[in-house]
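Listing of structure.json; format and content: JSON, C-alpha atoms and all ligand atoms.
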[["chain", "number", "residue", "atom", "x", "y", "z"],
["A", 28, "MET", "CA", 41.69, -19.66, 49.33],
["A", 29, "ALA", "CA", 37.98, -18.92, 49.68],
["A", 30, "PRO", "CA", 36.83, -15.29, 49.23],
["A", 31, "GLU", "CA", 35.70, -15.05, 52.86],
["A", 32, "ILE", "CA", 39.21, -15.99, 54.05],
["A", 33, "VAL", "CA", 40.90, -13.52, 51.70],
["A", 34, "ALA", "CA", 38.49, -10.83, 52.90],
["A", 35, "LYS", "CA", 39.30, -11.87, 56.49],
["A", 36, "HIS", "CA", 35.69, -12.68, 57.29],
["A", 37, "ALA", "CA", 36.21, -16.35, 58.11],
["A", 38, "ASN", "CA", 38.70, -19.03, 59.03],
["A", 39, "PRO", "CA", 39.24, -22.24, 57.03],
["A", 40, "ASP", "CA", 36.50, -24.81, 57.52],
["A", 41, "ILE", "CA", 34.63, -27.41, 55.48],
["A", 42, "LYS", "CA", 32.83, -24.71, 53.45],
["A", 43, "THR", "CA", 36.04, -22.97, 52.49],
["A", 44, "ASP", "CA", 37.48, -26.39, 51.63],
["A", 45, "ARG", "CA", 34.57, -26.91, 49.22],
["A", 46, "PHE", "CA", 35.49, -23.69, 47.45],
["A", 47, "SER", "CA", 39.09, -24.91, 47.20],
["A", 48, "LEU", "CA", 37.89, -28.24, 45.82],
["A", 49, "ALA", "CA", 35.95, -26.46, 43.07],
["A", 50, "VAL", "CA", 39.04, -24.38, 42.25],
["A", 51, "VAL", "CA", 41.27, -27.45, 42.02],
["A", 52, "LEU", "CA", 38.75, -29.23, 39.77],
["A", 53, "PHE", "CA", 38.45, -26.19, 37.52],
["A", 54, "LEU", "CA", 42.25, -25.93, 37.33],
["A", 55, "LEU", "CA", 42.48, -29.58, 36.37],
["A", 56, "TRP", "CA", 39.98, -29.21, 33.56],
["A", 57, "THR", "CA", 41.07, -25.87, 32.15],
["A", 58, "ASN", "CA", 44.58, -25.21, 33.49],
["A", 59, "ASN", "CA", 43.32, -21.79, 34.59],
["A", 60, "HIS", "CA", 42.27, -20.32, 37.94],
["A", 61, "PRO", "CA", 38.52, -19.61, 37.87],
["A", 62, "LEU", "CA", 38.94, -16.02, 39.11],
["A", 63, "GLU", "CA", 41.95, -15.05, 36.99],
["A", 64, "GLY", "CA", 40.64, -13.38, 33.88],
["A", 65, "LYS", "CA", 41.24, -9.93, 32.47],
["A", 66, "LYS", "CA", 40.99, -8.37, 35.94],
["A", 67, "GLY", "CA", 43.83, -10.51, 37.19],
["A", 68, "CYS", "CA", 46.67, -9.01, 35.18],
["A", 69, "PRO", "CA", 49.73, -10.27, 37.13],
["A", 70, "VAL", "CA", 51.88, -7.27, 36.12],
["A", 71, "CYS", "CA", 49.69, -4.80, 37.97],
["A", 72, "MET", "CA", 48.83, -7.10, 40.88],
["A", 73, "ASP", "CA", 49.28, -5.55, 44.33],
["A", 74, "ALA", "CA", 47.84, -6.60, 47.68],
["A", 75, "GLU", "CA", 44.68, -4.53, 47.33],
["A", 76, "HIS", "CA", 44.10, -5.73, 43.75],
["A", 77, "GLU", "CA", 44.56, -9.32, 44.91],
["A", 78, "ARG", "CA", 42.11, -8.80, 47.76],
["A", 79, "ARG", "CA", 39.47, -7.57, 45.32],
["A", 80, "ILE", "CA", 39.93, -10.36, 42.77],
["A", 81, "TYR", "CA", 40.05, -13.26, 45.23],
["A", 82, "GLY", "CA", 38.17, -11.82, 48.17],
["A", 83, "THR", "CA", 35.85, -8.85, 48.13],
["A", 84, "ASN", "CA", 34.79, -8.76, 44.47],
["A", 85, "PRO", "CA", 35.50, -12.13, 42.84],
["A", 86, "VAL", "CA", 34.07, -12.71, 39.35],
["A", 87, "PHE", "CA", 34.16, -16.06, 37.61],
["A", 88, "ILE", "CA", 35.95, -15.89, 34.27],
["A", 89, "PHE", "CA", 32.95, -17.53, 32.56],
["A", 90, "ASP", "CA", 30.22, -15.75, 34.50],
["A", 91, "PRO", "CA", 27.38, -15.62, 31.97],
["A", 92, "ASP", "CA", 26.01, -12.38, 33.46],
["A", 93, "ASP", "CA", 29.24, -10.47, 34.02],
["A", 94, "SER", "CA", 31.92, -10.26, 31.33],
["A", 95, "SER", "CA", 34.22, -7.99, 33.38],
["A", 96, "ASN", "CA", 36.65, -10.83, 34.13],
["A", 97, "HIS", "CA", 36.42, -12.95, 30.99],
["A", 98, "PRO", "CA", 39.55, -14.77, 29.83],
["A", 99, "VAL", "CA", 41.91, -12.96, 27.47],
["A", 100, "GLN", "CA", 43.04, -14.40, 24.13],
["A", 101, "GLY", "CA", 46.73, -15.26, 24.20],
["A", 102, "ILE", "CA", 46.91, -15.25, 28.02],
["A", 103, "HIS", "CA", 44.24, -17.63, 29.30],
["A", 104, "LYS", "CA", 44.70, -20.19, 26.54],
["A", 105, "GLY", "CA", 43.78, -23.24, 28.63],
["A", 106, "ALA", "CA", 40.44, -21.82, 29.67],
["A", 107, "ILE", "CA", 39.54, -20.54, 26.20],
["A", 108, "THR", "CA", 40.54, -23.78, 24.47],
["A", 109, "ARG", "CA", 39.17, -26.33, 26.89],
["A", 110, "TRP", "CA", 35.97, -24.76, 28.24],
["A", 111, "PRO", "CA", 33.91, -25.28, 25.05],
["A", 112, "PHE", "CA", 34.66, -28.98, 25.09],
["A", 113, "LEU", "CA", 33.51, -29.69, 28.62],
["A", 114, "PRO", "CA", 30.07, -31.30, 28.76],
["A", 115, "GLU", "CA", 27.32, -28.76, 29.32],
["A", 116, "TYR", "CA", 26.39, -30.21, 32.72],
["A", 117, "LEU", "CA", 29.98, -29.76, 33.96],
["A", 118, "ARG", "CA", 30.14, -26.19, 32.64],
["A", 119, "GLN", "CA", 26.86, -25.42, 34.41],
["A", 120, "GLU", "CA", 28.18, -26.86, 37.66],
["A", 121, "PHE", "CA", 31.27, -24.66, 37.49],
["A", 122, "ILE", "CA", 29.08, -21.66, 36.66],
["A", 123, "ARG", "CA", 27.04, -22.46, 39.78],
["A", 124, "ALA", "CA", 30.12, -23.13, 41.95],
["A", 125, "PHE", "CA", 31.62, -19.74, 41.03],
["A", 126, "SER", "CA", 28.41, -17.73, 40.72],
["A", 127, "LYS", "CA", 28.27, -14.54, 42.78],
["A", 128, "GLU", "CA", 25.58, -16.13, 44.92],
["A", 129, "VAL", "CA", 27.68, -19.18, 45.85],
["A", 130, "LEU", "CA", 30.95, -17.24, 46.08],
["A", 131, "SER", "CA", 29.36, -14.99, 48.68],
["A", 132, "ASP", "CA", 27.35, -17.64, 50.53],
["A", 133, "PRO", "CA", 29.55, -20.49, 51.80],
["A", 134, "SER", "CA", 26.49, -22.51, 52.86],
["A", 135, "LYS", "CA", 25.64, -22.99, 49.16],
["A", 136, "ARG", "CA", 28.98, -24.47, 48.12],
["A", 137, "ILE", "CA", 28.88, -27.67, 46.08],
["A", 138, "ILE", "CA", 29.51, -30.72, 48.21],
["A", 139, "GLU", "CA", 31.93, -33.50, 47.35],
["A", 140, "GLN", "CA", 29.21, -36.02, 46.48],
["A", 141, "GLU", "CA", 27.74, -33.72, 43.84],
["A", 142, "TRP", "CA", 31.10, -33.47, 42.04],
["A", 143, "LEU", "CA", 31.56, -37.21, 42.40],
["A", 144, "ARG", "CA", 28.20, -37.85, 40.74],
["A", 145, "LEU", "CA", 29.17, -35.68, 37.79],
["A", 146, "PHE", "CA", 32.48, -37.43, 37.29],
["A", 147, "ILE", "CA", 30.86, -40.86, 37.51],
["A", 148, "ARG", "CA", 28.54, -39.72, 34.73],
["A", 149, "MET", "CA", 31.50, -38.43, 32.72],
["A", 150, "LYS", "CA", 33.26, -41.76, 33.09],
["A", 151, "GLY", "CA", 30.19, -43.47, 31.67],
["A", 152, "GLU", "CA", 30.18, -41.11, 28.70],
["A", 153, "ILE", "CA", 33.72, -41.64, 27.47],
["A", 154, "TYR", "CA", 33.34, -42.07, 23.74],
["A", 155, "LYS", "CA", 35.70, -42.85, 20.89],
["A", 156, "CYS", "CA", 34.97, -40.64, 17.92],
["A", 157, "PRO", "CA", 35.26, -42.21, 14.46],
["A", 158, "CYS", "CA", 38.29, -39.91, 13.92],
["A", 159, "GLY", "CA", 40.06, -41.77, 16.73],
["A", 160, "GLU", "CA", 39.86, -39.18, 19.50],
["A", 161, "VAL", "CA", 38.49, -40.21, 22.87],
["A", 162, "TYR", "CA", 36.46, -37.59, 24.72],
["A", 163, "PHE", "CA", 33.49, -37.04, 27.03],
["A", 164, "ALA", "CA", 30.39, -37.14, 24.87],
["A", 165, "ASP", "CA", 27.26, -35.56, 26.29],
["A", 166, "PRO", "CA", 24.20, -37.32, 24.88],
["A", 167, "VAL", "CA", 21.71, -34.91, 26.46],
["A", 168, "VAL", "CA", 23.26, -31.66, 25.16],
["A", 169, "PRO", "CA", 25.46, -32.96, 22.33],
["A", 170, "ASN", "CA", 28.93, -31.42, 22.30],
["A", 171, "GLN", "CA", 31.63, -31.27, 19.64],
["A", 172, "TYR", "CA", 34.61, -33.58, 19.35],
["A", 173, "PRO", "CA", 37.61, -31.45, 20.24],
["A", 174, "ALA", "CA", 39.66, -32.60, 17.23],
["A", 175, "CYS", "CA", 37.30, -32.91, 14.28],
["A", 176, "ARG", "CA", 34.65, -30.52, 15.66],
["A", 177, "LYS", "CA", 31.84, -32.86, 14.69],
["A", 178, "THR", "CA", 28.82, -33.36, 16.90],
["A", 179, "GLN", "CA", 27.49, -36.85, 17.45],
["A", 180, "PHE", "CA", 23.84, -37.36, 18.34],
["A", 181, "PHE", "CA", 23.14, -40.45, 20.41],
["A", 182, "PRO", "CA", 19.85, -42.29, 20.60],
["A", 183, "VAL", "CA", 18.56, -41.85, 24.13],
["A", 184, "LEU", "CA", 16.00, -44.02, 25.88],
["A", 185, "TYR", "CA", 14.13, -42.66, 28.85],
["A", 186, "LYS", "CA", 12.19, -44.96, 31.12],
["A", 187, "ASN", "CA", 8.99, -46.09, 29.36],
["A", 188, "ILE", "CA", 9.53, -43.59, 26.52],
["A", 189, "PRO", "CA", 11.37, -45.39, 23.72],
["A", 190, "LEU", "CA", 12.81, -42.87, 21.28],
["A", 191, "GLN", "CA", 13.97, -45.46, 18.81],
["A", 192, "PRO", "CA", 11.86, -48.43, 17.73],
["A", 193, "ALA", "CA", 14.56, -51.08, 17.69],
["A", 194, "GLY", "CA", 16.11, -50.89, 21.12],
["A", 195, "PRO", "CA", 16.26, -52.69, 24.42],
["A", 196, "PRO", "CA", 13.04, -53.23, 26.41],
["A", 197, "ALA", "CA", 11.31, -49.93, 27.09],
["A", 198, "ASP", "CA", 11.06, -50.55, 30.81],
["A", 199, "GLU", "CA", 14.82, -50.27, 31.19],
["A", 200, "THR", "CA", 16.60, -46.98, 31.63],
["A", 201, "LEU", "CA", 19.47, -46.98, 29.17],
["A", 202, "PRO", "CA", 20.94, -43.53, 28.83],
["A", 203, "LEU", "CA", 23.30, -44.38, 25.99],
["A", 204, "SER", "CA", 23.82, -46.85, 23.23],
["A", 205, "TYR", "CA", 27.45, -46.60, 22.25],
["B", 1, "ZN", "ZN", 36.32, -36.84, 15.73]]
Can you give me the file's structure in the form of structure tokens?
Ligand SMILES: [Zn+2]
Amino acid sequence: MAPEIVAKHANPDIKTDRFSLAVVLFLLWTNNHPLEGKKGCPVCMDAEHERRIYGTNPVFIFDPDDSSNHPVQGIHKGAITRWPFLPEYLRQEFIRAFSKEVLSDPSKRIIEQEWLRLFIRMKGEIYKCPCGEVYFADPVVPNQYPACRKTQFFPVLYKNIPLQPAGPPADETLPLSY
């Protein structure tokens, strides 16, 4: 439920749906709710506490400027384990989707097409590591393989700027050479 609904400032609409979409996507990737960090201790949760966490004062668990709701070791295992292995561009999109600015301004929510574009890119970057693991390799900001923790650097060709001498014609845009 979007913060403005929890805070009783709005009714469900397409903008609140976009918040819910971002939450579902984050849950799928990390198995953790984006607003349930150390502030969201379920034992001490009452209605007012819930209203603050999800409505009036939501803080993303990976907010780079506010550590007050960071995930807790031993409790938020999915988030802690999986977050480092998401491609940087996906992490940045979640940081934007759950930034204080976007949480408080429904008109800035990320639209469906933007998510779709990211996932199309991810599909194109599925890579099989020499150790056998298949994962999403980010050739722009190289990330580690989840299993062997090695980082693979890919030759990248930008339009008209060949970065490796023996490659396809320089007038083609070929982001990867797997
Ligand atoms: Zn590997």
Return as a Markdown table the residues of chain A lying at most 6 Å from ligand ZN 1 (chain B), together with the closest atom-to-atom pair for each and the distance in Å to one decimal, counting all atoms listed in the file, with rows in chain order and ascending residue number.
| residue | atom | partner | partner_atom | distance |
| --- | --- | --- | --- | --- |
| A:Cys156 | CA | B:ZN1 | ZN | 4.6 |
| A:Pro157 | CA | B:ZN1 | ZN | 5.6 |
| A:Cys158 | CA | B:ZN1 | ZN | 4.1 |
| A:Glu160 | CA | B:ZN1 | ZN | 5.7 |
| A:Tyr172 | CA | B:ZN1 | ZN | 5.2 |
| A:Ala174 | CA | B:ZN1 | ZN | 5.6 |
| A:Cys175 | CA | B:ZN1 | ZN | 4.3 |
I need the residues from that last selection saved to file as a short mmCIF file (atom, residue, chain, number, x, y, z; two decimals), keeping the file's coordinate frame (with C-alpha atoms), if you can.
data_model
loop_
_atom_site.label_atom_id
_atom_site.label_comp_id
_atom_site.auth_asym_id
_atom_site.auth_seq_id
_atom_site.Cartn_x
_atom_site.Cartn_y
_atom_site.Cartn_z
CA CYS A 156 34.97 -40.64 17.92
CA PRO A 157 35.26 -42.21 14.46
CA CYS A 158 38.29 -39.91 13.92
CA GLU A 160 39.86 -39.18 19.50
CA TYR A 172 34.61 -33.58 19.35
CA ALA A 174 39.66 -32.60 17.23
CA CYS A 175 37.30 -32.91 14.28
#
Would you list the contacts of region 91-96 of chain A as a ChimeraX atom specification, taking every protein, DNA or RNA residue within 6 Å and counting only C-alpha atoms, but skipping same-chain residues closer than 4 positions in sequence?
-> /A:64-66
For the selection you just gave me, I'd like the residues written to a file as a short mmCIF file (atom, residue, chain, number, x, y, z; two decimals), in the coordinates of the input, keeping C-alpha atoms.
data_model
loop_
_atom_site.label_atom_id
_atom_site.label_comp_id
_atom_site.auth_asym_id
_atom_site.auth_seq_id
_atom_site.Cartn_x
_atom_site.Cartn_y
_atom_site.Cartn_z
CA GLY A 64 40.64 -13.38 33.88
CA LYS A 65 41.24 -9.93 32.47
CA LYS A 66 40.99 -8.37 35.94
#
Expressed in Å to a single decimal, how great is the separation between CA of Asp132 (chain A) and CA of Leu145 (chain A)?
-> 22.2 Å
Distance cut-off 10 Å, centre (30.8, -27.9, 26.0) in file coordinates, counting all atoms listed in the file: which residues qualify? Return them as a short mmCIF file (atom, residue, chain, number, x, y, z; two decimals) with C-alpha atoms, in the frame of the given file.
data_model
loop_
_atom_site.label_atom_id
_atom_site.label_comp_id
_atom_site.auth_asym_id
_atom_site.auth_seq_id
_atom_site.Cartn_x
_atom_site.Cartn_y
_atom_site.Cartn_z
CA ARG A 109 39.17 -26.33 26.89
CA TRP A 110 35.97 -24.76 28.24
CA PRO A 111 33.91 -25.28 25.05
CA PHE A 112 34.66 -28.98 25.09
CA LEU A 113 33.51 -29.69 28.62
CA PRO A 114 30.07 -31.30 28.76
CA GLU A 115 27.32 -28.76 29.32
CA TYR A 116 26.39 -30.21 32.72
CA LEU A 117 29.98 -29.76 33.96
CA ARG A 118 30.14 -26.19 32.64
CA GLN A 119 26.86 -25.42 34.41
CA PHE A 163 33.49 -37.04 27.03
CA ALA A 164 30.39 -37.14 24.87
CA ASP A 165 27.26 -35.56 26.29
CA VAL A 168 23.26 -31.66 25.16
CA PRO A 169 25.46 -32.96 22.33
CA ASN A 170 28.93 -31.42 22.30
CA GLN A 171 31.63 -31.27 19.64
CA TYR A 172 34.61 -33.58 19.35
CA PRO A 173 37.61 -31.45 20.24
#
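Between CA of Ser47 (chain A) and CA of Ile147 (chain A) the interatomic distance comes to 20.4 Å.
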Using all atoms listed in the file, which of the listed residues (A:Arg136, A:Arg79, A:Lys127, A:His103) sits closest to Asp44 (chain A)?
->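 Among the listed residues, the smallest separation from Asp44 (chain A) belongs to A:Arg136.
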Closest of A:Phe121, A:Phe180, A:Phe89, A:Phe146 to Ile107 (chain A) - atom-to-atom distances counting all atoms listed in the file =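 Result for the nearest residue to Ile107 (chain A): A:Phe89.
Counting from CA of Glu63 (chain A), the distance to CA of Val99 (chain A) is 9.7 Å.
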